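Next up, model-v3.txt (compact mmCIF, C-alpha atoms (C1' of nucleotides)):
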```txt
# COMPACT_ATOMS: atom_id res chain seq x y z
CA MET X 1 -39.17 3.81 -17.97
CA THR X 2 -36.07 5.07 -19.70
CA THR X 3 -32.89 3.24 -19.02
CA PRO X 4 -30.50 5.38 -17.00
CA THR X 5 -27.15 6.00 -18.60
CA LEU X 6 -23.78 5.19 -17.17
CA ASP X 7 -20.85 7.56 -17.18
CA PRO X 8 -17.71 5.73 -18.32
CA ASP X 9 -15.47 8.71 -17.60
CA GLY X 10 -16.58 9.57 -14.09
CA PRO X 11 -14.76 8.56 -10.91
CA VAL X 12 -17.37 5.92 -10.05
CA PRO X 13 -16.73 2.50 -11.64
CA LEU X 14 -19.35 1.25 -14.06
CA TYR X 15 -20.08 -1.78 -11.91
CA GLU X 16 -20.82 0.51 -8.96
CA GLN X 17 -23.01 2.78 -11.07
CA LEU X 18 -25.07 -0.18 -12.25
CA ALA X 19 -25.23 -1.61 -8.74
CA GLU X 20 -26.62 1.68 -7.49
CA ILE X 21 -29.25 1.74 -10.23
CA LEU X 22 -30.37 -1.77 -9.36
CA ARG X 23 -30.40 -0.98 -5.63
CA GLY X 24 -32.72 1.91 -6.39
CA GLN X 25 -35.02 -0.24 -8.47
CA ILE X 26 -35.18 -2.83 -5.71
CA ARG X 27 -35.86 -0.26 -3.01
CA SER X 28 -38.49 1.50 -5.09
CA GLY X 29 -40.27 -1.73 -5.82
CA ALA X 30 -39.65 -1.54 -9.54
CA LEU X 31 -37.91 -4.85 -8.98
CA PRO X 32 -40.11 -6.62 -6.41
CA PRO X 33 -39.01 -9.44 -4.07
CA ASN X 34 -38.84 -12.92 -5.58
CA ARG X 35 -38.87 -11.48 -9.06
CA PRO X 36 -35.99 -11.95 -11.47
CA VAL X 37 -33.52 -9.22 -12.14
CA PRO X 38 -32.91 -8.88 -15.90
CA SER X 39 -30.45 -11.48 -17.13
CA GLU X 40 -26.77 -10.69 -17.40
CA THR X 41 -27.05 -10.63 -21.18
CA THR X 42 -30.01 -8.26 -21.05
CA LEU X 43 -28.26 -5.90 -18.66
CA GLN X 44 -25.08 -5.91 -20.67
CA GLN X 45 -27.00 -4.99 -23.80
CA GLN X 46 -29.26 -2.43 -22.11
CA TYR X 47 -26.36 -0.55 -20.61
CA GLY X 48 -23.82 -1.24 -23.32
CA ILE X 49 -21.27 -2.73 -20.96
CA ALA X 50 -19.40 -6.01 -20.67
CA ARG X 51 -20.87 -9.05 -18.99
CA ASP X 52 -17.86 -9.01 -16.69
CA THR X 53 -18.99 -5.63 -15.43
CA VAL X 54 -22.60 -6.74 -14.99
CA ARG X 55 -21.45 -9.75 -12.99
CA HIS X 56 -19.35 -7.51 -10.78
CA SER X 57 -22.44 -5.44 -9.97
CA LEU X 58 -24.56 -8.49 -9.23
CA ARG X 59 -21.84 -9.92 -7.02
CA LEU X 60 -22.00 -6.76 -4.90
CA LEU X 61 -25.77 -7.05 -4.57
CA ARG X 62 -25.43 -10.71 -3.59
CA GLU X 63 -22.93 -9.81 -0.91
CA GLU X 64 -25.37 -7.19 0.34
CA GLY X 65 -28.12 -9.77 0.50
CA LEU X 66 -30.29 -7.89 -1.98
CA VAL X 67 -30.40 -10.65 -4.58
CA VAL X 68 -30.00 -14.39 -4.83
CA THR X 69 -28.54 -16.09 -7.90
CA VAL X 70 -29.44 -19.57 -9.11
CA ARG X 71 -27.30 -21.12 -11.81
CA GLY X 72 -29.22 -21.93 -14.95
CA LYS X 73 -32.21 -19.91 -13.78
CA GLY X 74 -31.35 -16.34 -12.98
CA THR X 75 -30.86 -13.74 -10.29
CA TYR X 76 -33.80 -12.89 -8.07
CA VAL X 77 -34.57 -10.07 -5.70
CA ALA X 78 -34.24 -11.43 -2.17
CA ASP X 79 -37.27 -12.02 0.00
CA ARG X 80 -36.61 -9.35 2.54
CA ALA X 81 -34.49 -7.11 0.40
CA MET O 1 9.52 -26.30 -2.44
CA THR O 2 7.99 -27.62 -5.61
CA THR O 3 5.00 -25.82 -6.95
CA PRO O 4 1.88 -27.96 -6.63
CA THR O 5 0.06 -28.61 -9.86
CA LEU O 6 -3.53 -27.84 -10.67
CA ASP O 7 -5.92 -30.21 -12.35
CA PRO O 8 -7.83 -28.42 -15.08
CA ASP O 9 -10.04 -31.43 -15.76
CA GLY O 10 -11.15 -32.26 -12.23
CA PRO O 11 -14.45 -31.20 -10.69
CA VAL O 12 -12.86 -28.54 -8.52
CA PRO O 13 -12.49 -25.14 -10.23
CA LEU O 14 -8.96 -23.88 -10.70
CA TYR O 15 -9.63 -20.83 -8.55
CA GLU O 16 -10.72 -23.09 -5.69
CA GLN O 17 -7.70 -25.37 -6.12
CA LEU O 18 -5.35 -22.41 -5.94
CA ALA O 19 -7.23 -20.95 -2.99
CA GLU O 20 -6.84 -24.23 -1.14
CA ILE O 21 -3.10 -24.31 -1.86
CA LEU O 22 -2.67 -20.78 -0.54
CA ARG O 23 -4.79 -21.53 2.53
CA GLY O 24 -2.47 -24.41 3.29
CA GLN O 25 0.62 -22.29 2.86
CA ILE O 26 -0.83 -19.67 5.18
CA ARG O 27 -1.85 -22.18 7.84
CA SER O 28 1.48 -23.97 7.65
CA GLY O 29 3.39 -20.76 8.05
CA ALA O 30 5.01 -21.00 4.64
CA LEU O 31 3.30 -17.66 4.08
CA PRO O 32 3.62 -15.89 7.42
CA PRO O 33 1.39 -13.04 8.65
CA ASN O 34 2.12 -9.58 7.27
CA ARG O 35 4.15 -11.06 4.46
CA PRO O 36 3.18 -10.64 0.85
CA VAL O 37 1.53 -13.39 -1.09
CA PRO O 38 3.22 -13.80 -4.49
CA SER O 39 1.93 -11.20 -6.94
CA GLU O 40 -0.93 -11.97 -9.29
CA THR O 41 1.48 -12.06 -12.22
CA THR O 42 3.80 -14.45 -10.38
CA LEU O 43 0.97 -16.78 -9.44
CA GLN O 44 -0.48 -16.77 -12.91
CA GLN O 45 2.89 -17.72 -14.34
CA GLN O 46 3.74 -20.26 -11.66
CA TYR O 47 0.50 -22.13 -12.08
CA GLY O 48 -0.01 -21.47 -15.75
CA ILE O 49 -3.45 -19.96 -15.29
CA ALA O 50 -5.10 -16.66 -16.16
CA ARG O 51 -4.82 -13.63 -13.97
CA ASP O 52 -8.60 -13.59 -13.78
CA THR O 53 -8.46 -16.98 -12.10
CA VAL O 54 -5.76 -15.86 -9.68
CA ARG O 55 -7.82 -12.84 -8.73
CA HIS O 56 -10.84 -15.06 -8.09
CA SER O 57 -8.78 -17.13 -5.64
CA LEU O 58 -7.46 -14.08 -3.85
CA ARG O 59 -10.95 -12.63 -3.62
CA LEU O 60 -12.06 -15.77 -1.77
CA LEU O 61 -9.19 -15.47 0.68
CA ARG O 62 -10.00 -11.80 1.23
CA GLU O 63 -13.60 -12.67 2.00
CA GLU O 64 -12.34 -15.25 4.47
CA GLY O 65 -10.15 -12.65 6.12
CA LEU O 66 -6.98 -14.58 5.37
CA VAL O 67 -5.37 -11.86 3.26
CA VAL O 68 -5.54 -8.13 2.77
CA THR O 69 -4.98 -6.50 -0.59
CA VAL O 70 -3.51 -3.04 -1.05
CA ARG O 71 -3.69 -1.51 -4.49
CA GLY O 72 -0.31 -0.76 -5.95
CA LYS O 73 1.45 -2.71 -3.22
CA GLY O 74 0.33 -6.28 -3.06
CA THR O 75 -1.68 -8.86 -1.18
CA TYR O 76 -0.58 -9.67 2.35
CA VAL O 77 -1.30 -12.45 4.79
CA ALA O 78 -3.61 -11.03 7.45
CA ASP O 79 -2.40 -10.45 10.98
CA ARG O 80 -4.56 -13.02 12.65
CA ALA O 81 -4.80 -15.40 9.72
C1' DG Q 1 -35.30 -39.77 -22.53
C1' DC Q 2 -33.69 -36.20 -25.80
C1' DC Q 3 -32.91 -31.85 -27.94
C1' DC Q 4 -32.85 -26.83 -27.48
C1' DA Q 5 -32.86 -22.14 -25.82
C1' DT Q 6 -31.72 -19.52 -21.88
C1' DT Q 7 -28.87 -18.37 -17.98
C1' DT Q 8 -25.18 -18.53 -14.87
C1' DG Q 9 -20.19 -20.34 -14.03
C1' DT Q 10 -15.48 -20.85 -15.32
C1' DA Q 11 -11.45 -19.53 -17.88
C1' DC Q 12 -8.97 -17.56 -21.19
C1' DG Q 13 -6.88 -13.05 -23.54
C1' DT Q 14 -6.00 -7.96 -23.87
C1' DA Q 15 -5.84 -3.03 -22.85
C1' DT Q 16 -5.83 0.83 -19.94
C1' DG Q 17 -6.16 3.29 -15.41
C1' DT Q 18 -4.40 4.14 -10.76
C1' DA Q 19 -1.46 3.64 -6.72
C1' DT Q 20 3.09 2.58 -4.67
C1' DG Q 21 7.92 2.88 -4.28
C1' DG P 1 10.36 9.09 -14.94
C1' DC P 2 10.06 4.30 -14.35
C1' DA P 3 8.89 -0.41 -12.81
C1' DT P 4 5.73 -3.08 -10.26
C1' DA P 5 1.18 -4.30 -8.68
C1' DC P 6 -3.64 -4.14 -8.22
C1' DA P 7 -8.36 -2.29 -10.44
C1' DT P 8 -11.44 -1.75 -14.07
C1' DA P 9 -13.31 -3.06 -18.43
C1' DC P 10 -13.54 -4.87 -22.71
C1' DG P 11 -13.70 -9.26 -25.63
C1' DT P 12 -14.27 -14.55 -26.51
C1' DA P 13 -15.29 -19.48 -25.72
C1' DC P 14 -17.06 -23.33 -23.54
C1' DA P 15 -19.20 -25.89 -19.44
C1' DA P 16 -23.10 -26.80 -16.54
C1' DA P 17 -27.73 -26.19 -14.84
C1' DT P 18 -32.62 -25.18 -15.78
C1' DG P 19 -36.97 -25.57 -18.06
C1' DG P 20 -39.93 -26.27 -22.10
C1' DG P 21 -41.33 -28.98 -26.02
```
Show this structure as structure tokens.
Amino acid sequence: MTTPTLDPDGPVPLYEQLAEILRGQIRSGALPPNRPVPSETTLQQQYGIARDTVRHSLRLLREEGLVVTVRGKGTYVADRA
Amino acid sequence: MTTPTLDPDGPVPLYEQLAEILRGQIRSGALPPNRPVPSETTLQQQYGIARDTVRHSLRLLREEGLVVTVRGKGTYVADRA
DNA sequence: GCCCATTTGTACGTATGTATG
DNA sequence: GCATACATACGTACAAATGGG
């Protein structure tokens, strides 16, 4: 499982690129329901982006109902994502 | 019209305090429909907070349908706010 | 109950890009 | 071209919640 790379120069914002990657991993089952998404710190290091950008991506997924975030614990793939 | 003050030490986040102020101004008619909300820079200076915090407040109001934001123009009170 | 590491939340600052007028 | 305004993205610091030892 190689980590996909983001394109900082393309027309698609980094937060949208990461969101799309995570959507794919959720849909494919690589990130199964009720399992934690990698932490914000992990994602920011894996993709070499700012935490601000990671949080923007996760906020989108929350609004889409794909993930649920619990303070102090983590962000989890939703039950019926 | 004095500018209300925010309490940085209280339990309510600054972005929520500002959101509540703006909600009140919208409901009272002080900010009428189709009129611009003060710009992010203006709000950040008026209340002595970061632009990040202002944007968080405005994002809440957008999600509530109270305002509409147009890039390069400004943020406007929604029609049926 | 008390530390401690981890994780998310809030808030600050700065720089640059893009759209409007 | 220029000024204004929002969008994206980077950085930092500290607070608050969780869970383990």
Notebook entry, point to check: Residues of chain Q within 10 Å of chain X, using all atoms listed in the file, as a PyMOL selection string?
Noted result: chain Q and resi 6-9
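Counting all atoms listed in the file, the residue from X:Val68, X:Ile49, X:Leu31, X:Ala78 that sits nearest to chain P is X:Ile49.
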Notebook entry, point to check: Between C1' of DA15 (chain P) and CA of Ala50 (chain O), what is the spacing in Å?
Noted result: 17.2 Å
Note to self: Considering all atoms listed in the file, can you say which of O:Glu63, O:Leu14, O:Tyr76, O:Asp52 comes closest to DT14 (chain Q)?
What the structure shows: O:Asp52
Margin query: Rounded to one decimal, what separation in Å do you get between C1' of DG19 (chain P) and C1' of DC2 (chain Q)?
Written below: 13.6 Å
Checklist line | Among listed residues O:Pro36, O:Val67, O:Arg59, O:Gly10, nearest chain X (using all atoms listed in the file) | finding: O:Arg59
Reconstructed region 69-80 of chain X, atom set all heavy atoms, as a PDB file, in the frame of the given file:
```pdb
ATOM      1  N   THR X  69     -28.764 -15.596  -6.541  1.00  0.00           N
ATOM      2  CA  THR X  69     -28.540 -16.090  -7.900  1.00  0.00           C
ATOM      3  C   THR X  69     -28.623 -17.604  -7.932  1.00  0.00           C
ATOM      4  O   THR X  69     -28.070 -18.288  -7.066  1.00  0.00           O
ATOM      5  CB  THR X  69     -27.154 -15.634  -8.399  1.00  0.00           C
ATOM      6  OG1 THR X  69     -27.128 -14.204  -8.460  1.00  0.00           O
ATOM      7  CG2 THR X  69     -26.897 -16.184  -9.791  1.00  0.00           C
ATOM      8  N   VAL X  70     -29.335 -18.133  -8.908  1.00  0.00           N
ATOM      9  CA  VAL X  70     -29.440 -19.570  -9.110  1.00  0.00           C
ATOM     10  C   VAL X  70     -28.934 -19.901 -10.506  1.00  0.00           C
ATOM     11  O   VAL X  70     -29.436 -19.372 -11.504  1.00  0.00           O
ATOM     12  CB  VAL X  70     -30.901 -20.056  -8.963  1.00  0.00           C
ATOM     13  CG1 VAL X  70     -30.966 -21.568  -9.115  1.00  0.00           C
ATOM     14  CG2 VAL X  70     -31.483 -19.609  -7.632  1.00  0.00           C
ATOM     15  N   ARG X  71     -27.908 -20.744 -10.540  1.00  0.00           N
ATOM     16  CA  ARG X  71     -27.300 -21.120 -11.810  1.00  0.00           C
ATOM     17  C   ARG X  71     -28.324 -21.779 -12.741  1.00  0.00           C
ATOM     18  O   ARG X  71     -29.079 -22.651 -12.314  1.00  0.00           O
ATOM     19  CB  ARG X  71     -26.155 -22.093 -11.535  1.00  0.00           C
ATOM     20  CG  ARG X  71     -25.420 -22.522 -12.762  1.00  0.00           C
ATOM     21  CD  ARG X  71     -24.238 -23.388 -12.371  1.00  0.00           C
ATOM     22  NE  ARG X  71     -23.389 -23.730 -13.493  1.00  0.00           N
ATOM     23  CZ  ARG X  71     -22.241 -24.372 -13.376  1.00  0.00           C
ATOM     24  NH1 ARG X  71     -21.804 -24.712 -12.179  1.00  0.00           N
ATOM     25  NH2 ARG X  71     -21.525 -24.653 -14.426  1.00  0.00           N
ATOM     26  N   GLY X  72     -28.309 -21.361 -13.970  1.00  0.00           N
ATOM     27  CA  GLY X  72     -29.220 -21.930 -14.950  1.00  0.00           C
ATOM     28  C   GLY X  72     -30.605 -21.299 -14.917  1.00  0.00           C
ATOM     29  O   GLY X  72     -31.411 -21.524 -15.810  1.00  0.00           O
ATOM     30  N   LYS X  73     -30.893 -20.546 -13.874  1.00  0.00           N
ATOM     31  CA  LYS X  73     -32.210 -19.910 -13.780  1.00  0.00           C
ATOM     32  C   LYS X  73     -32.133 -18.396 -13.883  1.00  0.00           C
ATOM     33  O   LYS X  73     -32.655 -17.805 -14.824  1.00  0.00           O
ATOM     34  CB  LYS X  73     -32.887 -20.285 -12.454  1.00  0.00           C
ATOM     35  CG  LYS X  73     -33.533 -21.639 -12.467  1.00  0.00           C
ATOM     36  CD  LYS X  73     -34.410 -21.856 -11.228  1.00  0.00           C
ATOM     37  CE  LYS X  73     -35.636 -20.980 -11.189  1.00  0.00           C
ATOM     38  NZ  LYS X  73     -36.464 -21.211  -9.987  1.00  0.00           N
ATOM     39  N   GLY X  74     -31.439 -17.791 -12.934  1.00  0.00           N
ATOM     40  CA  GLY X  74     -31.350 -16.340 -12.980  1.00  0.00           C
ATOM     41  C   GLY X  74     -31.046 -15.762 -11.617  1.00  0.00           C
ATOM     42  O   GLY X  74     -30.759 -16.480 -10.672  1.00  0.00           O
ATOM     43  N   THR X  75     -31.107 -14.449 -11.544  1.00  0.00           N
ATOM     44  CA  THR X  75     -30.860 -13.740 -10.290  1.00  0.00           C
ATOM     45  C   THR X  75     -32.161 -13.099  -9.838  1.00  0.00           C
ATOM     46  O   THR X  75     -32.839 -12.446 -10.626  1.00  0.00           O
ATOM     47  CB  THR X  75     -29.774 -12.669 -10.497  1.00  0.00           C
ATOM     48  OG1 THR X  75     -28.554 -13.304 -10.879  1.00  0.00           O
ATOM     49  CG2 THR X  75     -29.541 -11.873  -9.231  1.00  0.00           C
ATOM     50  N   TYR X  76     -32.500 -13.322  -8.582  1.00  0.00           N
ATOM     51  CA  TYR X  76     -33.800 -12.890  -8.070  1.00  0.00           C
ATOM     52  C   TYR X  76     -33.632 -11.912  -6.915  1.00  0.00           C
ATOM     53  O   TYR X  76     -32.699 -12.026  -6.119  1.00  0.00           O
ATOM     54  CB  TYR X  76     -34.604 -14.100  -7.598  1.00  0.00           C
ATOM     55  CG  TYR X  76     -34.928 -15.051  -8.729  1.00  0.00           C
ATOM     56  CD1 TYR X  76     -33.984 -15.969  -9.163  1.00  0.00           C
ATOM     57  CD2 TYR X  76     -36.144 -14.990  -9.394  1.00  0.00           C
ATOM     58  CE1 TYR X  76     -34.258 -16.820 -10.224  1.00  0.00           C
ATOM     59  CE2 TYR X  76     -36.427 -15.852 -10.443  1.00  0.00           C
ATOM     60  CZ  TYR X  76     -35.480 -16.752 -10.861  1.00  0.00           C
ATOM     61  OH  TYR X  76     -35.750 -17.589 -11.913  1.00  0.00           O
ATOM     62  N   VAL X  77     -34.552 -10.978  -6.828  1.00  0.00           N
ATOM     63  CA  VAL X  77     -34.570 -10.070  -5.700  1.00  0.00           C
ATOM     64  C   VAL X  77     -34.872 -10.883  -4.439  1.00  0.00           C
ATOM     65  O   VAL X  77     -35.778 -11.717  -4.443  1.00  0.00           O
ATOM     66  CB  VAL X  77     -35.641  -8.973  -5.890  1.00  0.00           C
ATOM     67  CG1 VAL X  77     -35.693  -8.054  -4.685  1.00  0.00           C
ATOM     68  CG2 VAL X  77     -35.369  -8.183  -7.165  1.00  0.00           C
ATOM     69  N   ALA X  78     -34.093 -10.660  -3.401  1.00  0.00           N
ATOM     70  CA  ALA X  78     -34.240 -11.430  -2.170  1.00  0.00           C
ATOM     71  C   ALA X  78     -35.586 -11.176  -1.510  1.00  0.00           C
ATOM     72  O   ALA X  78     -36.227 -10.151  -1.761  1.00  0.00           O
ATOM     73  CB  ALA X  78     -33.101 -11.108  -1.211  1.00  0.00           C
ATOM     74  N   ASP X  79     -35.977 -12.105  -0.675  1.00  0.00           N
ATOM     75  CA  ASP X  79     -37.270 -12.020   0.000  1.00  0.00           C
ATOM     76  C   ASP X  79     -37.421 -10.729   0.780  1.00  0.00           C
ATOM     77  O   ASP X  79     -38.327  -9.956   0.559  1.00  0.00           O
ATOM     78  CB  ASP X  79     -37.407 -13.193   0.977  1.00  0.00           C
ATOM     79  CG  ASP X  79     -38.304 -14.269   0.411  1.00  0.00           C
ATOM     80  OD1 ASP X  79     -39.300 -13.909  -0.224  1.00  0.00           O
ATOM     81  OD2 ASP X  79     -38.000 -15.457   0.593  1.00  0.00           O
ATOM     82  N   ARG X  80     -36.498 -10.542   1.715  1.00  0.00           N
ATOM     83  CA  ARG X  80     -36.610  -9.350   2.540  1.00  0.00           C
ATOM     84  C   ARG X  80     -35.514  -8.383   2.158  1.00  0.00           C
ATOM     85  O   ARG X  80     -34.722  -7.941   2.974  1.00  0.00           O
ATOM     86  CB  ARG X  80     -36.504  -9.674   4.010  1.00  0.00           C
ATOM     87  CG  ARG X  80     -36.103 -11.104   4.301  1.00  0.00           C
ATOM     88  CD  ARG X  80     -36.078 -11.416   5.751  1.00  0.00           C
ATOM     89  NE  ARG X  80     -34.759 -11.761   6.272  1.00  0.00           N
ATOM     90  CZ  ARG X  80     -33.823 -12.393   5.580  1.00  0.00           C
ATOM     91  NH1 ARG X  80     -34.029 -12.715   4.319  1.00  0.00           N
ATOM     92  NH2 ARG X  80     -32.664 -12.685   6.116  1.00  0.00           N
TER      93      ARG X  80
END
```
